[in-house]
file work-v2.pdb (PDB, C-alpha atoms, pLDDT in the B column)
ATOM      1  CA  MET A1090     -28.341 119.896 163.219  1.00 44.00           C
ATOM      2  CA  PRO A1091     -30.881 122.317 161.687  1.00 44.00           C
ATOM      3  CA  ASP A1092     -34.545 121.502 161.261  1.00 47.00           C
ATOM      4  CA  GLU A1093     -34.907 120.516 157.584  1.00 46.00           C
ATOM      5  CA  ARG A1094     -38.534 121.754 157.618  1.00 39.00           C
ATOM      6  CA  ARG A1095     -37.252 125.296 157.970  1.00 56.00           C
ATOM      7  CA  ALA A1096     -35.501 125.202 154.598  1.00 68.00           C
ATOM      8  CA  TYR A1097     -37.044 127.157 151.737  1.00 79.00           C
ATOM      9  CA  SER A1098     -35.807 128.352 148.347  1.00 87.00           C
ATOM     10  CA  ARG A1099     -35.736 131.614 146.460  1.00 90.00           C
ATOM     11  CA  ASP A1100     -33.720 133.430 143.784  1.00 93.00           C
ATOM     12  CA  VAL A1101     -31.116 135.867 145.104  1.00 94.00           C
ATOM     13  CA  ASP A1102     -28.497 138.212 143.712  1.00 95.00           C
ATOM     14  CA  LEU A1103     -24.929 136.898 143.728  1.00 95.00           C
ATOM     15  CA  THR A1104     -23.834 139.925 145.743  1.00 94.00           C
ATOM     16  CA  THR A1105     -25.758 138.617 148.769  1.00 96.00           C
ATOM     17  CA  LEU A1106     -23.681 135.419 148.942  1.00 96.00           C
ATOM     18  CA  VAL A1107     -20.544 135.142 151.067  1.00 95.00           C
ATOM     19  CA  GLU A1108     -17.833 132.457 150.943  1.00 94.00           C
ATOM     20  CA  ASP A1109     -16.448 131.639 154.387  1.00 92.00           C
ATOM     21  CA  PRO A1110     -12.799 130.418 154.088  1.00 89.00           C
ATOM     22  CA  LEU A1111     -13.511 127.719 156.682  1.00 88.00           C
ATOM     23  CA  LEU A1112     -16.284 126.212 154.576  1.00 90.00           C
ATOM     24  CA  LEU A1113     -14.605 126.921 151.255  1.00 87.00           C
ATOM     25  CA  SER A1114     -11.560 124.840 152.247  1.00 82.00           C
ATOM     26  CA  LEU A1115     -13.623 121.859 153.371  1.00 85.00           C
ATOM     27  CA  PHE A1116     -13.250 119.811 150.176  1.00 80.00           C
ATOM     28  CA  LEU A1117     -10.988 120.121 147.152  1.00 80.00           C
ATOM     29  CA  GLN A1118     -12.364 122.053 144.212  1.00 82.00           C
ATOM     30  CA  GLU A1119     -12.593 120.328 140.822  1.00 86.00           C
ATOM     31  CA  PRO A1120     -11.728 122.774 137.988  1.00 90.00           C
ATOM     32  CA  ASP A1121     -12.953 120.457 135.216  1.00 93.00           C
ATOM     33  CA  VAL A1122     -16.306 120.020 136.947  1.00 92.00           C
ATOM     34  CA  ILE A1123     -16.658 123.787 137.387  1.00 94.00           C
ATOM     35  CA  ARG A1124     -15.963 124.349 133.677  1.00 95.00           C
ATOM     36  CA  ARG A1125     -18.580 121.780 132.648  1.00 96.00           C
ATOM     37  CA  ILE A1126     -21.184 123.304 134.972  1.00 96.00           C
ATOM     38  CA  ALA A1127     -20.419 126.790 133.664  1.00 96.00           C
ATOM     39  CA  ASP A1128     -20.836 125.617 130.045  1.00 96.00           C
ATOM     40  CA  ASN A1129     -24.176 124.068 130.963  1.00 96.00           C
ATOM     41  CA  MET A1130     -25.320 127.258 132.701  1.00 96.00           C
ATOM     42  CA  ARG A1131     -24.469 129.350 129.639  1.00 96.00           C
ATOM     43  CA  LYS A1132     -26.806 127.163 127.571  1.00 95.00           C
ATOM     44  CA  TYR A1133     -29.634 126.477 129.992  1.00 94.00           C
ATOM     45  CA  GLY A1134     -29.277 128.875 132.903  1.00 95.00           C
ATOM     46  CA  PHE A1135     -29.119 127.934 136.574  1.00 95.00           C
ATOM     47  CA  ASP A1136     -30.735 124.614 137.502  1.00 93.00           C
ATOM     48  CA  VAL A1137     -33.371 125.625 140.085  1.00 92.00           C
ATOM     49  CA  HIS A1138     -33.761 121.988 141.110  1.00 91.00           C
ATOM     50  CA  ARG A1139     -30.243 122.114 142.567  1.00 92.00           C
ATOM     51  CA  PRO A1140     -30.175 125.269 144.681  1.00 93.00           C
ATOM     52  CA  ILE A1141     -27.076 126.422 146.534  1.00 94.00           C
ATOM     53  CA  ASP A1142     -27.408 125.752 150.265  1.00 94.00           C
ATOM     54  CA  VAL A1143     -26.746 128.863 152.336  1.00 95.00           C
ATOM     55  CA  TRP A1144     -26.695 129.790 156.008  1.00 94.00           C
ATOM     56  CA  LYS A1145     -29.341 132.496 156.120  1.00 92.00           C
ATOM     57  CA  ASP A1146     -27.920 135.788 157.440  1.00 91.00           C
ATOM     58  CA  GLY A1147     -24.774 133.925 158.521  1.00 91.00           C
ATOM     59  CA  ALA A1148     -22.577 136.938 157.698  1.00 92.00           C
ATOM     60  CA  GLY A1149     -25.098 139.545 158.840  1.00 92.00           C
ATOM     61  CA  ARG A1150     -28.566 140.538 157.785  1.00 91.00           C
ATOM     62  CA  GLY A1151     -29.018 139.944 154.048  1.00 91.00           C
ATOM     63  CA  LYS A1152     -25.598 138.271 153.732  1.00 94.00           C
ATOM     64  CA  HIS A1153     -25.805 134.505 153.411  1.00 95.00           C
ATOM     65  CA  ILE A1154     -22.836 132.141 153.825  1.00 95.00           C
ATOM     66  CA  ILE A1155     -22.396 129.354 151.258  1.00 95.00           C
ATOM     67  CA  LEU A1156     -22.725 125.955 152.920  1.00 93.00           C
ATOM     68  CA  GLU A1157     -22.755 123.620 149.940  1.00 90.00           C
ATOM     69  CA  GLY A1158     -22.480 124.686 146.311  1.00 91.00           C
ATOM     70  CA  HIS A1159     -19.216 126.621 146.049  1.00 92.00           C
ATOM     71  CA  GLN A1160     -18.480 125.058 142.650  1.00 93.00           C
ATOM     72  CA  ARG A1161     -21.920 125.977 141.318  1.00 94.00           C
ATOM     73  CA  LEU A1162     -21.438 129.537 142.557  1.00 95.00           C
ATOM     74  CA  ASP A1163     -18.061 129.733 140.802  1.00 95.00           C
ATOM     75  CA  ALA A1164     -19.636 128.312 137.635  1.00 96.00           C
ATOM     76  CA  ALA A1165     -22.482 130.826 137.802  1.00 96.00           C
ATOM     77  CA  LYS A1166     -19.999 133.683 137.977  1.00 95.00           C
ATOM     78  CA  ARG A1167     -18.064 132.292 134.994  1.00 96.00           C
ATOM     79  CA  ALA A1168     -21.315 131.925 133.048  1.00 96.00           C
ATOM     80  CA  GLY A1169     -22.125 135.592 133.676  1.00 96.00           C
ATOM     81  CA  LEU A1170     -25.218 134.951 135.800  1.00 96.00           C
ATOM     82  CA  THR A1171     -26.355 137.548 138.322  1.00 95.00           C
ATOM     83  CA  MET A1172     -29.102 135.526 140.062  1.00 95.00           C
ATOM     84  CA  VAL A1173     -29.065 131.988 141.459  1.00 96.00           C
ATOM     85  CA  ARG A1174     -31.513 129.809 143.364  1.00 95.00           C
ATOM     86  CA  VAL A1175     -30.607 129.183 147.013  1.00 95.00           C
ATOM     87  CA  ALA A1176     -32.029 127.042 149.809  1.00 93.00           C
ATOM     88  CA  TYR A1177     -31.958 128.807 153.152  1.00 93.00           C
ATOM     89  CA  ARG A1178     -30.760 126.900 156.212  1.00 91.00           C
ATOM     90  CA  GLU A1179     -30.864 128.231 159.749  1.00 89.00           C
ATOM     91  CA  LEU A1180     -28.002 127.152 162.002  1.00 90.00           C
ATOM     92  CA  PRO A1181     -26.961 128.264 165.486  1.00 90.00           C
ATOM     93  CA  THR A1182     -23.158 128.408 165.108  1.00 90.00           C
ATOM     94  CA  ARG A1183     -20.312 128.388 162.594  1.00 89.00           C
ATOM     95  CA  LEU A1184     -19.295 124.908 163.750  1.00 89.00           C
ATOM     96  CA  ASP A1185     -22.831 123.633 163.126  1.00 90.00           C
ATOM     97  CA  ALA A1186     -22.614 125.152 159.649  1.00 91.00           C
ATOM     98  CA  LEU A1187     -19.302 123.385 158.998  1.00 90.00           C
ATOM     99  CA  LEU A1188     -20.562 120.004 160.245  1.00 89.00           C
ATOM    100  CA  TRP A1189     -23.751 120.278 158.209  1.00 89.00           C
ATOM    101  CA  ALA A1190     -21.796 121.183 155.080  1.00 88.00           C
ATOM    102  CA  ALA A1191     -19.326 118.342 155.658  1.00 86.00           C
ATOM    103  CA  GLU A1192     -22.121 115.806 155.972  1.00 85.00           C
ATOM    104  CA  GLN A1193     -23.878 117.041 152.816  1.00 83.00           C
ATOM    105  CA  GLN A1194     -20.729 117.146 150.701  1.00 77.00           C
ATOM    106  CA  ALA A1195     -19.573 113.757 151.967  1.00 76.00           C
ATOM    107  CA  VAL A1196     -22.829 112.194 150.775  1.00 77.00           C
ATOM    108  CA  ARG A1197     -22.808 114.025 147.440  1.00 73.00           C
ATOM    109  CA  ARG A1198     -19.167 113.233 146.706  1.00 73.00           C
ATOM    110  CA  ASN A1199     -19.464 109.702 148.129  1.00 78.00           C
ATOM    111  CA  VAL A1200     -16.332 110.079 150.254  1.00 80.00           C
ATOM    112  CA  SER A1201     -15.269 107.842 153.133  1.00 85.00           C
ATOM    113  CA  LYS A1202     -15.492 108.741 156.818  1.00 87.00           C
ATOM    114  CA  GLU A1203     -11.702 109.031 156.822  1.00 89.00           C
ATOM    115  CA  VAL A1204     -11.728 111.642 154.057  1.00 89.00           C
ATOM    116  CA  GLN A1205     -14.540 113.467 155.819  1.00 89.00           C
ATOM    117  CA  CYS A1206     -12.533 113.485 159.057  1.00 91.00           C
ATOM    118  CA  LEU A1207      -9.359 114.723 157.359  1.00 92.00           C
ATOM    119  CA  SER A1208     -11.308 117.398 155.459  1.00 91.00           C
ATOM    120  CA  LEU A1209     -12.869 118.714 158.674  1.00 92.00           C
ATOM    121  CA  LEU A1210      -9.597 118.818 160.591  1.00 93.00           C
ATOM    122  CA  ARG A1211      -7.822 120.384 157.625  1.00 91.00           C
ATOM    123  CA  ALA A1212     -10.426 123.158 157.588  1.00 90.00           C
ATOM    124  CA  LEU A1213     -10.273 123.571 161.374  1.00 90.00           C
ATOM    125  CA  GLN A1214      -6.496 123.501 161.793  1.00 87.00           C
ATOM    126  CA  THR A1215      -6.219 127.300 161.606  1.00 81.00           C
ATOM    127  CA  GLU A1216      -8.873 127.767 164.301  1.00 83.00           C
ATOM    128  CA  GLU A1217      -7.091 128.410 167.614  1.00 81.00           C
ATOM    129  CA  THR A1218      -9.894 126.950 169.721  1.00 83.00           C
ATOM    130  CA  PHE A1219      -9.578 123.605 167.937  1.00 84.00           C
ATOM    131  CA  ALA A1220      -5.797 123.493 167.906  1.00 79.00           C
ATOM    132  CA  ALA A1221      -5.880 123.386 171.710  1.00 82.00           C
ATOM    133  CA  LYS A1222      -8.364 120.503 171.933  1.00 87.00           C
ATOM    134  CA  THR A1223      -7.269 116.968 172.761  1.00 88.00           C
ATOM    135  CA  THR A1224      -7.844 114.054 170.428  1.00 89.00           C
ATOM    136  CA  LYS A1225     -10.520 112.698 172.770  1.00 89.00           C
ATOM    137  CA  GLU A1226     -12.363 116.045 172.827  1.00 90.00           C
ATOM    138  CA  LEU A1227     -12.310 116.305 169.026  1.00 91.00           C
ATOM    139  CA  ALA A1228     -13.490 112.715 168.648  1.00 90.00           C
ATOM    140  CA  ALA A1229     -16.472 113.411 170.907  1.00 90.00           C
ATOM    141  CA  GLN A1230     -17.337 116.693 169.204  1.00 88.00           C
ATOM    142  CA  LEU A1231     -16.853 115.637 165.587  1.00 89.00           C
ATOM    143  CA  LYS A1232     -18.124 112.039 166.012  1.00 89.00           C
ATOM    144  CA  PHE A1233     -15.058 110.227 164.659  1.00 90.00           C
ATOM    145  CA  SER A1234     -12.880 107.585 166.321  1.00 91.00           C
ATOM    146  CA  THR A1235      -9.852 108.703 168.316  1.00 91.00           C
ATOM    147  CA  ALA A1236      -7.653 106.650 165.971  1.00 90.00           C
ATOM    148  CA  SER A1237      -8.923 108.553 162.904  1.00 92.00           C
ATOM    149  CA  ILE A1238      -8.578 111.912 164.658  1.00 93.00           C
ATOM    150  CA  ASP A1239      -5.031 111.138 165.776  1.00 91.00           C
ATOM    151  CA  ARG A1240      -3.902 109.907 162.363  1.00 92.00           C
ATOM    152  CA  CYS A1241      -5.387 112.975 160.670  1.00 92.00           C
ATOM    153  CA  ARG A1242      -3.692 115.327 163.124  1.00 91.00           C
ATOM    154  CA  GLN A1243      -0.317 113.650 162.638  1.00 91.00           C
ATOM    155  CA  LEU A1244      -0.706 113.713 158.847  1.00 92.00           C
ATOM    156  CA  LEU A1245      -1.664 117.396 158.843  1.00 91.00           C
ATOM    157  CA  LYS A1246       1.179 118.326 161.195  1.00 89.00           C
ATOM    158  CA  HIS A1247       4.012 116.247 159.786  1.00 89.00           C
ATOM    159  CA  GLY A1248       2.864 115.214 156.299  1.00 89.00           C
ATOM    160  CA  THR A1249       3.501 116.958 153.001  1.00 88.00           C
ATOM    161  CA  GLN A1250       0.722 118.547 150.969  1.00 87.00           C
ATOM    162  CA  ALA A1251       1.043 115.680 148.484  1.00 88.00           C
ATOM    163  CA  GLU A1252       0.511 113.131 151.262  1.00 89.00           C
ATOM    164  CA  VAL A1253      -2.568 114.953 152.539  1.00 90.00           C
ATOM    165  CA  PHE A1254      -4.021 115.347 149.038  1.00 88.00           C
ATOM    166  CA  ALA A1255      -3.407 111.656 148.316  1.00 89.00           C
ATOM    167  CA  VAL A1256      -5.945 110.829 151.060  1.00 90.00           C
ATOM    168  CA  LEU A1257      -8.392 113.585 150.094  1.00 88.00           C
ATOM    169  CA  GLU A1258      -8.335 112.425 146.478  1.00 84.00           C
ATOM    170  CA  GLY A1259      -8.708 108.757 147.413  1.00 84.00           C
ATOM    171  CA  THR A1260      -5.279 107.640 146.177  1.00 86.00           C
ATOM    172  CA  HIS A1261      -4.310 106.419 149.645  1.00 86.00           C
ATOM    173  CA  GLY A1262      -6.388 105.374 152.620  1.00 90.00           C
ATOM    174  CA  LEU A1263      -5.794 107.266 155.855  1.00 91.00           C
ATOM    175  CA  LYS A1264      -4.014 104.405 157.616  1.00 89.00           C
ATOM    176  CA  GLN A1265      -1.824 103.744 154.568  1.00 91.00           C
ATOM    177  CA  ALA A1266      -0.817 107.419 154.405  1.00 90.00           C
ATOM    178  CA  TYR A1267      -0.197 107.444 158.164  1.00 89.00           C
ATOM    179  CA  ASP A1268       2.001 104.337 157.946  1.00 89.00           C
ATOM    180  CA  LEU A1269       3.958 105.846 155.030  1.00 88.00           C
ATOM    181  CA  LEU A1270       4.409 109.041 157.049  1.00 88.00           C
ATOM    182  CA  ARG A1271       5.772 107.115 160.038  1.00 86.00           C
ATOM    183  CA  GLU A1272       8.109 105.177 157.776  1.00 84.00           C
ATOM    184  CA  ARG A1273       9.389 108.356 156.168  1.00 82.00           C
ATOM    185  CA  ARG A1274       9.896 110.073 159.529  1.00 78.00           C
ATOM    186  CA  HIS A1275      11.741 107.062 160.901  1.00 76.00           C
ATOM    187  CA  LYS A1276      14.125 107.130 157.949  1.00 73.00           C
ATOM    188  CA  THR A1277      14.996 110.777 158.569  1.00 65.00           C
ATOM    189  CA  THR A1278      15.445 110.319 162.337  1.00 57.00           C
ATOM    190  CA  LYS A1279      18.799 109.295 163.794  1.00 49.00           C
ATOM    191  CA  LYS A1280      18.580 105.623 164.742  1.00 50.00           C
ATOM    192  CA  GLU A1281      20.780 102.842 165.851  1.00 50.00           C
ATOM    193  CA  PRO A1282      21.596 100.121 163.298  1.00 46.00           C
ATOM    194  CA  GLU A1283      18.738  97.825 162.273  1.00 54.00           C
ATOM    195  CA  THR A1284      20.674  94.948 163.855  1.00 53.00           C
ATOM    196  CA  ARG A1285      19.696  96.324 167.269  1.00 54.00           C
ATOM    197  CA  ARG A1286      16.035  95.547 166.658  1.00 55.00           C
ATOM    198  CA  ALA A1287      16.875  92.178 165.118  1.00 58.00           C
ATOM    199  CA  LYS A1288      18.725  91.167 168.289  1.00 61.00           C
ATOM    200  CA  GLN A1289      15.895  92.109 170.616  1.00 65.00           C
ATOM    201  CA  PRO A1290      14.627  89.378 172.945  1.00 71.00           C
ATOM    202  CA  PRO A1291      11.271  87.933 171.802  1.00 73.00           C
ATOM    203  CA  VAL A1292       9.486  89.608 174.727  1.00 70.00           C
ATOM    204  CA  LEU A1293      10.535  93.073 173.479  1.00 71.00           C
ATOM    205  CA  THR A1294       9.438  92.248 169.923  1.00 74.00           C
ATOM    206  CA  THR A1295       6.065  91.165 171.311  1.00 78.00           C
ATOM    207  CA  LEU A1296       5.828  94.387 173.339  1.00 76.00           C
ATOM    208  CA  ARG A1297       6.667  96.483 170.257  1.00 72.00           C
ATOM    209  CA  THR A1298       3.923  94.735 168.238  1.00 78.00           C
ATOM    210  CA  ALA A1299       1.387  95.211 171.041  1.00 80.00           C
ATOM    211  CA  LEU A1300       2.271  98.907 171.316  1.00 74.00           C
ATOM    212  CA  ALA A1301       1.811  99.401 167.573  1.00 76.00           C
ATOM    213  CA  LYS A1302      -1.664  97.838 167.709  1.00 74.00           C
ATOM    214  CA  THR A1303      -2.601  99.907 170.765  1.00 76.00           C
ATOM    215  CA  ILE A1304      -1.466 103.196 169.216  1.00 70.00           C
ATOM    216  CA  ASP A1305      -2.939 102.574 165.745  1.00 67.00           C
ATOM    217  CA  GLY A1306      -6.188 101.302 167.257  1.00 65.00           C
ATOM    218  CA  GLY A1307      -6.704 104.516 169.220  1.00 66.00           C
ATOM    219  CA  LEU A1308      -6.919 102.623 172.518  1.00 65.00           C
ATOM    220  CA  LEU A1309      -4.950 105.242 174.464  1.00 66.00           C
ATOM    221  CA  GLU A1310      -7.092 108.333 175.002  1.00 64.00           C
ATOM    222  CA  LEU A1311      -4.964 110.222 177.550  1.00 65.00           C
ATOM    223  CA  PRO A1312      -2.519 112.466 175.624  1.00 67.00           C
ATOM    224  CA  GLU A1313       0.323 111.821 178.101  1.00 68.00           C
ATOM    225  CA  ALA A1314      -0.096 108.043 177.849  1.00 73.00           C
ATOM    226  CA  LEU A1315      -0.201 108.238 174.041  1.00 72.00           C
ATOM    227  CA  ARG A1316       2.957 110.347 173.868  1.00 72.00           C
ATOM    228  CA  HIS A1317       4.901 108.021 176.132  1.00 73.00           C
ATOM    229  CA  ALA A1318       3.624 104.957 174.266  1.00 75.00           C
ATOM    230  CA  ARG A1319       4.930 106.467 171.023  1.00 75.00           C
ATOM    231  CA  TRP A1320       8.302 107.168 172.641  1.00 73.00           C
ATOM    232  CA  LEU A1321       8.588 103.574 173.865  1.00 75.00           C
ATOM    233  CA  PHE A1322       7.547 102.241 170.445  1.00 72.00           C
ATOM    234  CA  ASP A1323      10.152 104.423 168.705  1.00 72.00           C
ATOM    235  CA  TYR A1324      12.808 103.177 171.135  1.00 70.00           C
ATOM    236  CA  LEU A1325      11.899  99.526 170.536  1.00 70.00           C
ATOM    237  CA  ASP A1326      11.757 100.239 166.805  1.00 66.00           C
ATOM    238  CA  GLY A1327      15.397 101.314 166.794  1.00 60.00           C
ATOM    239  CA  GLY A1328      15.264 104.823 168.212  1.00 53.00           C
ATOM    240  CA  ALA A1329      18.082 106.234 170.273  1.00 44.00           C
ATOM    241  CA  PRO A1330      17.796 105.635 174.044  1.00 42.00           C
ATOM    242  CA  GLY A1331      17.250 108.357 176.586  1.00 41.00           C
ATOM    243  CA  VAL A1332      14.277 110.308 177.919  1.00 39.00           C
ATOM    244  CA  ARG A1333      13.020 113.026 175.595  1.00 42.00           C
ATOM    245  CA  SER A1334      11.977 116.449 176.772  1.00 38.00           C
ATOM    246  CA  GLU A1335       8.355 117.536 176.943  1.00 38.00           C
ATOM    247  CA  ASP A1336       8.846 119.624 173.777  1.00 38.00           C
ATOM    248  CA  GLU A1337      10.072 116.536 171.929  1.00 39.00           C
ATOM    249  CA  LEU A1338       7.183 114.478 173.240  1.00 39.00           C
ATOM    250  CA  ASP A1339       4.753 117.175 172.111  1.00 43.00           C
ATOM    251  CA  GLU A1340       6.133 116.842 168.580  1.00 44.00           C
ATOM    252  CA  ASP A1341       4.353 113.464 168.440  1.00 45.00           C
ATOM    253  CA  ASP A1342       0.944 114.694 169.552  1.00 44.00           C
ATOM    254  CA  ASP A1343      -0.989 117.917 169.203  1.00 41.00           C
ATOM    255  CA  ALA A1344      -2.977 117.300 172.353  1.00 39.00           C
TER     256      ALA A1344
END

call {"tool": "encode", "arguments": {"input": "work-v2.pdb", "output": "structure tokens"}}
result
Amino acid sequence: MPDERRAYSRDVDLTTLVEDPLLLSLFLQEPDVIRRIADNMRKYGFDVHRPIDVWKDGAGRGKHIILEGHQRLDAAKRAGLTMVRVAYRELPTRLDALLWAAEQQAVRRNVSKEVQCLSLLRALQTEETFAAKTTKELAAQLKFSTASIDRCRQLLKHGTQAEVFAVLEGTHGLKQAYDLLRERRHKTTKKEPETRRAKQPPVLTTLRTALAKTIDGGLLELPEALRHARWLFDYLDGGAPGVRSEDELDEDDDA
């Protein structure tokens, strides 16, 4: 994290500010909020007490990347302003910039850790270096639980945009959206009749319940163990028997 004592403010021309797609996609934009801010700026100008946070020289000398304040920048453009007040931040890497921005926006927007986790992974999903990381590696680097990381990855990979947005907008909690996703995927997967599960011996029902708690609780950190646990759960839940290929197992986990 950057040293807060190294932050200082000044007025800059809008042409010196750069919007990084990675940071821009971190949280959903709010058109109504942008319109209200723009109306306020037309009347009173830019509020210097709320500067736009920028990564100083993040896009090259004299080109500063927006960290937090994309909506205020958009509003300033709509209001016809040419100068805005910024607060310079000095960060070592693009990932540090993203994590700093995520923390600031999460506090300002009062979002949950789950929304923060999903927002980060949603922004990072196009980054090749992160797509190759295991759930355990991401949990250690981003400081979220393995359960949250895994649920977010599954939702981003297999969920619809509406399902993802429902979590980002606070309509559904992450676990609720994850459970709904699993239910929907089970319905579209070829399965044996429900009577198969109903006729299971009590020991298999107990095993199925224990597996569900283990998987949802993020207790399995090794990707191979997690994949095979999911396969066994699906089988006990009514899935067709037989060993799946590695490609099919990989469909259940990005690691």

call {"tool": "closest_atom_pairs", "arguments": {"input": "work-v2.pdb", "of": "region 1175-1241 of chain A", "to": "region 1097-1103 of chain A", "cutoff": "6 Å", "atoms": "only C-alpha atoms", "output": "JSON lines"}}
result
{"residue": "A:Val1175", "atom": "CA", "partner": "A:Ser1098", "partner_atom": "CA", "distance": 5.4}
{"residue": "A:Ala1176", "atom": "CA", "partner": "A:Ser1098", "partner_atom": "CA", "distance": 4.3}
{"residue": "A:Tyr1177", "atom": "CA", "partner": "A:Tyr1097", "partner_atom": "CA", "distance": 5.5}

call {"tool": "axis_aligned_box", "arguments": {"input": "work-v2.pdb", "around": "region 1172-1183 of chain A", "padding_each_side": "5 Å", "output": "lines of an AutoDock Vina configuration file"}}
result
center_x = -26.2
center_y = 131.2
center_z = 152.8
size_x = 21.7
size_y = 18.6
size_z = 35.4

call {"tool": "closest_atom_pairs", "arguments": {"input": "work-v2.pdb", "of": "region 1160-1196 of chain A", "to": "region 1205-1224 of chain A", "cutoff": "8 Å", "atoms": "only C-alpha atoms", "output": "CSV"}}
result
residue,atom,partner,partner_atom,distance
A:Leu1187,CA,A:Leu1209,CA,8.0
A:Leu1188,CA,A:Leu1209,CA,8.0
A:Ala1191,CA,A:Gln1205,CA,6.8
A:Glu1192,CA,A:Gln1205,CA,7.9
A:Ala1195,CA,A:Gln1205,CA,6.3

call {"tool": "atom_distance", "arguments": {"input": "work-v2.pdb", "atom1": "CA of Gln1160 (chain A)", "atom2": "CA of Gln1118 (chain A)"}}
result
7.0 Å

call {"tool": "atom_distance", "arguments": {"input": "work-v2.pdb", "atom1": "CA of Ile1155 (chain A)", "atom2": "CA of Trp1189 (chain A)"}}
result
11.5 Å

call {"tool": "atom_distance", "arguments": {"input": "work-v2.pdb", "atom1": "CA of Leu1156 (chain A)", "atom2": "CA of Ala1186 (chain A)"}}
result
6.8 Å

call {"tool": "residues_around", "arguments": {"input": "work-v2.pdb", "residues": "Gln1194 (chain A)", "least_positions_apart": "3", "cutoff": "9 Å", "atoms": "all atoms listed in the file", "output": "list in words"}}
result
Leu1115, Phe1116, Glu1157, Gly1158, Trp1189, Ala1190, Ala1191, Arg1197, Arg1198, Asn1199, Val1200 and Gln1205 of chain A

call {"tool": "closest_residue", "arguments": {"input": "work-v2.pdb", "among": "A:Thr1295, A:Thr1182, A:Asp1109, A:Met1172", "to": "Pro1140 (chain A)", "atoms": "all atoms listed in the file"}}
result
A:Met1172

call {"tool": "resolve_selection", "arguments": {"input": "work-v2.pdb", "expression": "the PyMOL selection byres ((chain A and resi 1119) around 12)", "output": "list of chain:residue names"}}
result
A:Phe1116, A:Leu1117, A:Gln1118, A:Pro1120, A:Asp1121, A:Val1122, A:Ile1123, A:Arg1124, A:Arg1125, A:Ile1126, A:His1159, A:Gln1160, A:Arg1161, A:Asp1163, A:Ala1164, A:Arg1198, A:Glu1258

call {"tool": "residues_near_point", "arguments": {"input": "work-v2.pdb", "point": "(8.0, 95.1, 172.5)", "cutoff": "12 Å", "atoms": "all atoms listed in the file", "output": "list in words"}}
result
Arg1286, Ala1287, Gln1289, Pro1290, Pro1291, Val1292, Leu1293, Thr1294, Thr1295, Leu1296, Arg1297, Thr1298, Ala1299, Leu1300, Ala1301, Lys1302, Thr1303, Ala1318, Arg1319, Leu1321, Phe1322, Asp1323, Tyr1324, Leu1325, Asp1326 and Gly1327 of chain A

call {"tool": "residues_around", "arguments": {"input": "work-v2.pdb", "residues": "Leu1263 (chain A)", "least_positions_apart": "5", "cutoff": "9 Å", "atoms": "all atoms listed in the file", "output": "ChimeraX atom specification"}}
result
/A:1203-1204,1207,1237,1240-1241,1244,1253,1256-1257,1268

call {"tool": "write_last_selection", "arguments": {"input": "work-v2.pdb", "atoms": "C-alpha atoms", "output": "tab-separated table (two decimals), in the coordinates of the input"}}
result
chain	number	residue	atom	x	y	z
A	1203	GLU	CA	-11.70	109.03	156.82
A	1204	VAL	CA	-11.73	111.64	154.06
A	1207	LEU	CA	-9.36	114.72	157.36
A	1237	SER	CA	-8.92	108.55	162.90
A	1240	ARG	CA	-3.90	109.91	162.36
A	1241	CYS	CA	-5.39	112.98	160.67
A	1244	LEU	CA	-0.71	113.71	158.85
A	1253	VAL	CA	-2.57	114.95	152.54
A	1256	VAL	CA	-5.94	110.83	151.06
A	1257	LEU	CA	-8.39	113.58	150.09
A	1268	ASP	CA	2.00	104.34	157.95

call {"tool": "resolve_selection", "arguments": {"input": "work-v2.pdb", "expression": "the PyMOL selection byres ((chain A and resi 1168) around 9)", "output": "NGL selection string"}}
result
:A and (1126-1131 or 1134 or 1163-1167 or 1169-1170)

call {"tool": "residues_around", "arguments": {"input": "work-v2.pdb", "residues": "Ile1154 (chain A)", "least_positions_apart": "2", "cutoff": "10 Å", "atoms": "only C-alpha atoms", "output": "VMD selection string"}}
result
chain A and resid 1105 to 1109 1112 1142 to 1149 1151 to 1152 1156 to 1157 1177 to 1178 1183 1186

call {"tool": "decode", "arguments": {"input": "work-v2.pdb", "residues": "region 1149-1163 of chain A", "atoms": "C-alpha atoms", "output": "short mmCIF file (atom, residue, chain, number, x, y, z; two decimals), in the first residue's frame"}}
result
data_model
loop_
_atom_site.label_atom_id
_atom_site.label_comp_id
_atom_site.auth_asym_id
_atom_site.auth_seq_id
_atom_site.Cartn_x
_atom_site.Cartn_y
_atom_site.Cartn_z
CA GLY A 1149 4.01 7.81 -18.40
CA ARG A 1150 5.45 11.13 -17.38
CA GLY A 1151 2.67 13.72 -17.06
CA LYS A 1152 -0.06 11.11 -17.66
CA HIS A 1153 -1.89 10.12 -14.50
CA ILE A 1154 -4.16 7.06 -14.19
CA ILE A 1155 -7.52 7.51 -12.45
CA LEU A 1156 -7.67 5.40 -9.29
CA GLU A 1157 -10.90 6.58 -7.70
CA GLY A 1158 -13.22 9.21 -9.14
CA HIS A 1159 -14.19 7.95 -12.59
CA GLN A 1160 -17.77 9.19 -12.11
CA ARG A 1161 -16.58 12.65 -11.08
CA LEU A 1162 -14.31 12.78 -14.12
CA ASP A 1163 -17.23 11.82 -16.39
#
